[in-house]
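Q: Next comes the structure file model.cif, holding mmCIF, C-alpha atoms.
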```
data_protein
loop_
_atom_site.group_PDB
_atom_site.id
_atom_site.type_symbol
_atom_site.label_atom_id
_atom_site.label_comp_id
_atom_site.auth_asym_id
_atom_site.auth_seq_id
_atom_site.Cartn_x
_atom_site.Cartn_y
_atom_site.Cartn_z
ATOM 1 C CA MET A 22 69.803 83.990 111.824
ATOM 2 C CA LEU A 23 67.737 85.193 108.902
ATOM 3 C CA LYS A 24 67.549 88.958 109.209
ATOM 4 C CA LEU A 25 66.999 91.846 106.815
ATOM 5 C CA SER A 26 69.554 94.619 106.684
ATOM 6 C CA LYS A 27 68.883 97.925 108.413
ATOM 7 C CA LEU A 28 68.967 99.618 105.004
ATOM 8 C CA THR A 29 66.095 97.407 103.805
ATOM 9 C CA ASP A 30 64.115 98.213 106.937
ATOM 10 C CA TYR A 31 64.762 101.923 106.404
ATOM 11 C CA ALA A 32 63.813 101.584 102.733
ATOM 12 C CA VAL A 33 60.401 100.128 103.628
ATOM 13 C CA VAL A 34 59.767 102.923 106.151
ATOM 14 C CA ALA A 35 60.855 105.622 103.679
ATOM 15 C CA LEU A 36 58.817 104.142 100.815
ATOM 16 C CA VAL A 37 55.647 103.872 102.885
ATOM 17 C CA ARG A 38 56.068 107.496 103.991
ATOM 18 C CA LEU A 39 56.803 108.551 100.399
ATOM 19 C CA GLY A 40 53.617 106.773 99.326
ATOM 20 C CA GLN A 41 51.610 108.939 101.699
ATOM 21 C CA LYS A 42 52.727 112.077 99.868
ATOM 22 C CA SER A 43 51.346 113.156 96.519
ATOM 23 C CA GLU A 44 54.103 115.626 95.733
ATOM 24 C CA VAL A 45 57.813 115.167 95.061
ATOM 25 C CA THR A 46 59.610 114.866 98.404
ATOM 26 C CA THR A 47 63.226 115.537 99.346
ATOM 27 C CA SER A 48 65.440 113.312 101.465
ATOM 28 C CA PRO A 49 65.653 115.928 104.285
ATOM 29 C CA VAL A 50 61.833 116.037 104.478
ATOM 30 C CA LEU A 51 61.652 112.221 104.577
ATOM 31 C CA SER A 52 64.395 112.176 107.182
ATOM 32 C CA ARG A 53 62.478 114.524 109.465
ATOM 33 C CA SER A 54 59.205 112.628 109.065
ATOM 34 C CA THR A 55 60.708 109.167 109.612
ATOM 35 C CA GLY A 56 63.523 109.832 112.075
ATOM 36 C CA ILE A 57 66.010 108.119 109.755
ATOM 37 C CA PRO A 58 69.265 110.093 109.390
ATOM 38 C CA GLU A 59 69.287 112.167 106.185
ATOM 39 C CA PRO A 60 72.474 110.624 104.704
ATOM 40 C CA THR A 61 70.886 107.190 105.101
ATOM 41 C CA VAL A 62 67.618 108.318 103.486
ATOM 42 C CA ALA A 63 69.602 109.829 100.597
ATOM 43 C CA LYS A 64 71.594 106.599 100.164
ATOM 44 C CA VAL A 65 68.454 104.432 100.211
ATOM 45 C CA LEU A 66 66.604 106.667 97.755
ATOM 46 C CA LYS A 67 69.554 106.671 95.368
ATOM 47 C CA ILE A 68 69.634 102.861 95.371
ATOM 48 C CA LEU A 69 65.857 102.657 94.943
ATOM 49 C CA ALA A 70 66.031 105.117 92.044
ATOM 50 C CA THR A 71 68.623 102.998 90.217
ATOM 51 C CA GLN A 72 66.320 99.995 90.677
ATOM 52 C CA GLY A 73 63.259 101.860 89.341
ATOM 53 C CA ILE A 74 61.266 101.779 92.575
ATOM 54 C CA VAL A 75 61.345 105.559 92.929
ATOM 55 C CA THR A 76 61.869 108.284 90.368
ATOM 56 C CA SER A 77 63.987 111.343 90.967
ATOM 57 C CA GLN A 78 63.431 114.867 89.792
ATOM 58 C CA ARG A 79 66.311 117.339 89.684
ATOM 59 C CA GLY A 80 66.222 121.037 90.286
ATOM 60 C CA ALA A 81 64.924 123.533 92.816
ATOM 61 C CA ARG A 82 61.649 121.623 93.133
ATOM 62 C CA GLY A 83 63.378 118.278 92.896
ATOM 63 C CA GLY A 84 63.075 115.194 95.026
ATOM 64 C CA TYR A 85 61.672 111.692 94.855
ATOM 65 C CA ARG A 86 58.349 109.998 94.300
ATOM 66 C CA LEU A 87 57.213 106.404 93.959
ATOM 67 C CA ALA A 88 57.471 104.928 90.461
ATOM 68 C CA GLN A 89 54.356 102.830 91.235
ATOM 69 C CA PRO A 90 51.637 102.908 93.892
ATOM 70 C CA LEU A 91 52.336 101.178 97.218
ATOM 71 C CA GLU A 92 49.915 98.423 96.164
ATOM 72 C CA GLU A 93 52.240 97.433 93.334
ATOM 73 C CA ILE A 94 55.563 97.348 95.194
ATOM 74 C CA SER A 95 56.296 94.066 96.952
ATOM 75 C CA ILE A 96 58.500 93.596 99.967
ATOM 76 C CA ALA A 97 60.520 91.146 97.843
ATOM 77 C CA ALA A 98 61.238 93.906 95.303
ATOM 78 C CA VAL A 99 62.511 96.216 98.050
ATOM 79 C CA ILE A 100 64.714 93.512 99.592
ATOM 80 C CA GLN A 101 66.191 92.646 96.203
ATOM 81 C CA ALA A 102 66.778 96.310 95.360
ATOM 82 C CA ILE A 103 68.697 96.952 98.580
ATOM 83 C CA ASP A 104 70.262 93.607 99.505
ATOM 84 C CA GLY A 105 70.323 91.675 96.228
ATOM 85 C CA PRO A 106 68.813 88.257 95.528
ATOM 86 C CA ILE A 107 66.880 86.486 98.270
ATOM 87 C CA SER A 108 68.953 83.367 98.971
ATOM 88 C CA LEU A 109 68.940 81.478 102.245
ATOM 89 C CA THR A 110 72.023 79.412 101.468
ATOM 90 C CA THR A 111 74.813 79.495 98.923
ATOM 91 C CA CYS A 112 73.464 76.408 97.147
ATOM 92 C CA VAL A 113 70.043 77.952 96.385
ATOM 93 C CA ASP A 114 69.253 78.236 92.681
ATOM 94 C CA GLY A 115 72.322 76.223 91.676
ATOM 95 C CA GLY A 116 74.860 78.315 93.561
ATOM 96 C CA ASP A 117 78.288 76.958 94.455
ATOM 97 C CA CYS A 118 78.375 74.582 97.382
ATOM 98 C CA ASP A 119 81.470 72.850 98.757
ATOM 99 C CA ALA A 120 79.386 70.130 100.412
ATOM 100 C CA ARG A 121 76.976 69.373 97.533
ATOM 101 C CA SER A 122 78.205 65.798 97.125
ATOM 102 C CA THR A 123 78.048 64.950 100.831
ATOM 103 C CA CYS A 124 75.236 66.987 102.422
ATOM 104 C CA GLY A 125 72.329 65.015 100.958
ATOM 105 C CA LEU A 126 69.962 67.998 100.873
ATOM 106 C CA GLY A 127 70.356 68.923 97.217
ATOM 107 C CA GLY A 128 67.381 70.970 96.033
ATOM 108 C CA GLN A 129 65.583 71.089 99.384
ATOM 109 C CA TRP A 130 66.687 74.627 100.235
ATOM 110 C CA ASP A 131 65.436 75.723 96.799
ATOM 111 C CA MET A 132 61.875 74.867 97.857
ATOM 112 C CA VAL A 133 62.211 76.654 101.208
ATOM 113 C CA ASN A 134 63.730 79.684 99.486
ATOM 114 C CA ALA A 135 60.948 79.708 96.864
ATOM 115 C CA ALA A 136 58.293 79.650 99.608
ATOM 116 C CA ILE A 137 59.896 82.627 101.347
ATOM 117 C CA ARG A 138 60.226 84.529 98.055
ATOM 118 C CA HIS A 139 56.584 83.774 97.269
ATOM 119 C CA ALA A 140 55.419 85.063 100.661
ATOM 120 C CA LEU A 141 57.538 88.225 100.387
ATOM 121 C CA SER A 142 56.307 88.816 96.827
ATOM 122 C CA ALA A 143 52.696 88.578 97.995
ATOM 123 C CA ILE A 144 53.121 91.315 100.611
ATOM 124 C CA THR A 145 53.030 94.892 99.328
ATOM 125 C CA LEU A 146 54.067 98.156 100.882
ATOM 126 C CA ALA A 147 50.352 98.984 101.084
ATOM 127 C CA ASP A 148 49.893 95.876 103.254
ATOM 128 C CA MET A 149 52.634 97.134 105.552
ATOM 129 C CA LYS A 150 51.091 100.610 105.714
ATOM 130 C CA ASN A 151 47.553 99.300 106.280
ATOM 131 C CA HIS A 152 48.549 96.502 108.685
ATOM 132 C CA THR A 153 46.990 93.880 106.375
ATOM 133 C CA VAL A 154 49.913 91.489 106.051
ATOM 134 C CA THR A 155 48.027 88.652 107.764
ATOM 135 C CA ASP A 156 45.080 89.194 105.412
ATOM 136 C CA ARG A 157 47.448 88.912 102.446
ATOM 137 C CA LEU A 158 48.947 85.683 103.777
ATOM 138 C CA GLY A 159 45.588 84.010 104.292
ATOM 139 C CA GLY A 160 45.392 84.573 108.029
ATOM 140 C CA LEU A 161 48.763 82.933 108.691
ATOM 141 C CA HIS A 162 49.233 82.777 112.448
ATOM 142 C CA VAL A 163 52.665 83.874 113.617
ATOM 143 C CA PRO A 164 53.454 82.513 117.081
ATOM 144 C CA PRO A 165 55.123 84.852 119.562
ATOM 145 C CA MET A 166 58.901 84.690 119.813
ATOM 146 C CA PRO A 167 60.268 82.679 122.721
ATOM 147 C CA ASP A 168 61.302 84.795 125.686
ATOM 148 C CA GLY A 169 64.762 83.435 126.251
ATOM 149 C CA PRO A 170 67.328 80.731 125.714
ATOM 150 C CA GLU A 171 65.423 78.239 127.888
ATOM 151 C CA ALA A 172 62.607 77.995 125.327
ATOM 152 C CA THR A 173 62.833 74.943 123.074
ATOM 153 C CA ALA A 174 61.027 73.770 119.969
#
```
Kindly transcribe the structure held in the file into structure tokens.
A:
Amino acid sequence: MLKLSKLTDYAVVALVRLGQKSEVTTSPVLSRSTGIPEPTVAKVLKILATQGIVTSQRGARGGYRLAQPLEEISIAAVIQAIDGPISLTTCVDGGDCDARSTCGLGGQWDMVNAAIRHALSAITLADMKNHTVTDRLGGLHVPPMPDGPEATA
């Protein structure tokens, strides 16, 4: 199953909330406004600061703020900051693969991975905040998830 980590999900929530504030904001304040536990918010913000997505300010009036507006931060950038490179399989982008000589799919996952990266790079945190993701993706229709194991393709 392709699934983002909880930390990435929390990072998106915290960043969108941080983008709604004009002043420097502390992790306890973000924790209270998002419902995410404060140690988790602090951990996420520290990671995001090392990746340049947020800036930190020390001192009595210290805290965090976005390094760029929400419109300039892509979902792909957040995923990569928290989880590392976006790679569907180990063989993507020339990675090691034990079955490379026998699987017969060489290079095909690269194209699928590139399409997913492209889509995630096109969606910004502002799109998430404003509920405009479908607008950004050209009206892409996302079918509802099947209800149970009896559903087939």
Q: Would you list the contacts of region 93-107 of chain A as a PyMOL selection string, taking every protein, DNA or RNA residue within 9 Å and counting only C-alpha atoms, but skipping same-chain residues closer than 5 positions in sequence?
A: chain A and resi 25-26+28-30+32-33+65+68-69+71-74+134+137-147+149
Q: One decimal, Å: what's the distance from CA of Ser108 (chain A) over to CA of Asp131 (chain A), could you say?
A: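 CA of Asp131 (chain A) lies 8.7 Å from CA of Ser108 (chain A).
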Q: Set the distance at 12 Å and use only C-alpha atoms: which residues neighbour Arg82 (chain A) once local chain neighbours fewer than 5 positions away are removed? I'd like the list as a PyMOL selection string.
A: chain A and resi 44-47+77
Q: I'd like the contact shell of Leu87 (chain A) - 7 Å cut-off, only C-alpha atoms, skipping same-chain residues fewer than 4 positions apart - returned as a list in words.
A: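 So the residues in contact are Leu39, Gly40, Ile74, Val75 and Thr76 of chain A.
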Q: Skip Gly115 (chain A) itself and residues of its chain fewer than 6 positions away, then list as a ChimeraX atom specification all residues within 12 Å of it, counting all atoms listed in the file.
A: /A:108,121,127-131
Q: One decimal, Å: what's the distance from CA of Ala63 (chain A) over to CA of Arg38 (chain A), could you say?
A: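 Pair CA of Ala63 (chain A) / CA of Arg38 (chain A) returns 14.1 Å.
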Q: Going by the chain IDs and residue numbers used in this file, which residues fall under the PyMOL selection byres ((chain A and resi 52-59) around 8)? Write them as a VMD selection string.
A: chain A and resid 31 34 to 35 38 48 to 51 60 to 63
Q: For the atom pair CA of Val37 (chain A) and CA of Leu91 (chain A), what is the interatomic distance in Å to one decimal place?
A: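 Distance between the two atoms: 7.1 Å.
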Q: So which one's closest to Val133 (chain A), A:Thr110, A:Gln89, A:Gln41, A:Thr155? Using all atoms listed in the file, please.
A: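 For Val133 (chain A), the nearest of the candidates is A:Thr110.
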Q: Using all atoms listed in the file, pick whichever of A:Leu36, A:Leu23, A:Ala88, A:Ala81 has the shortest atom-to-atom distance to Leu66 (chain A).
A: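 Using all atoms listed in the file, the shortest distance to Leu66 (chain A) belongs to A:Leu36.
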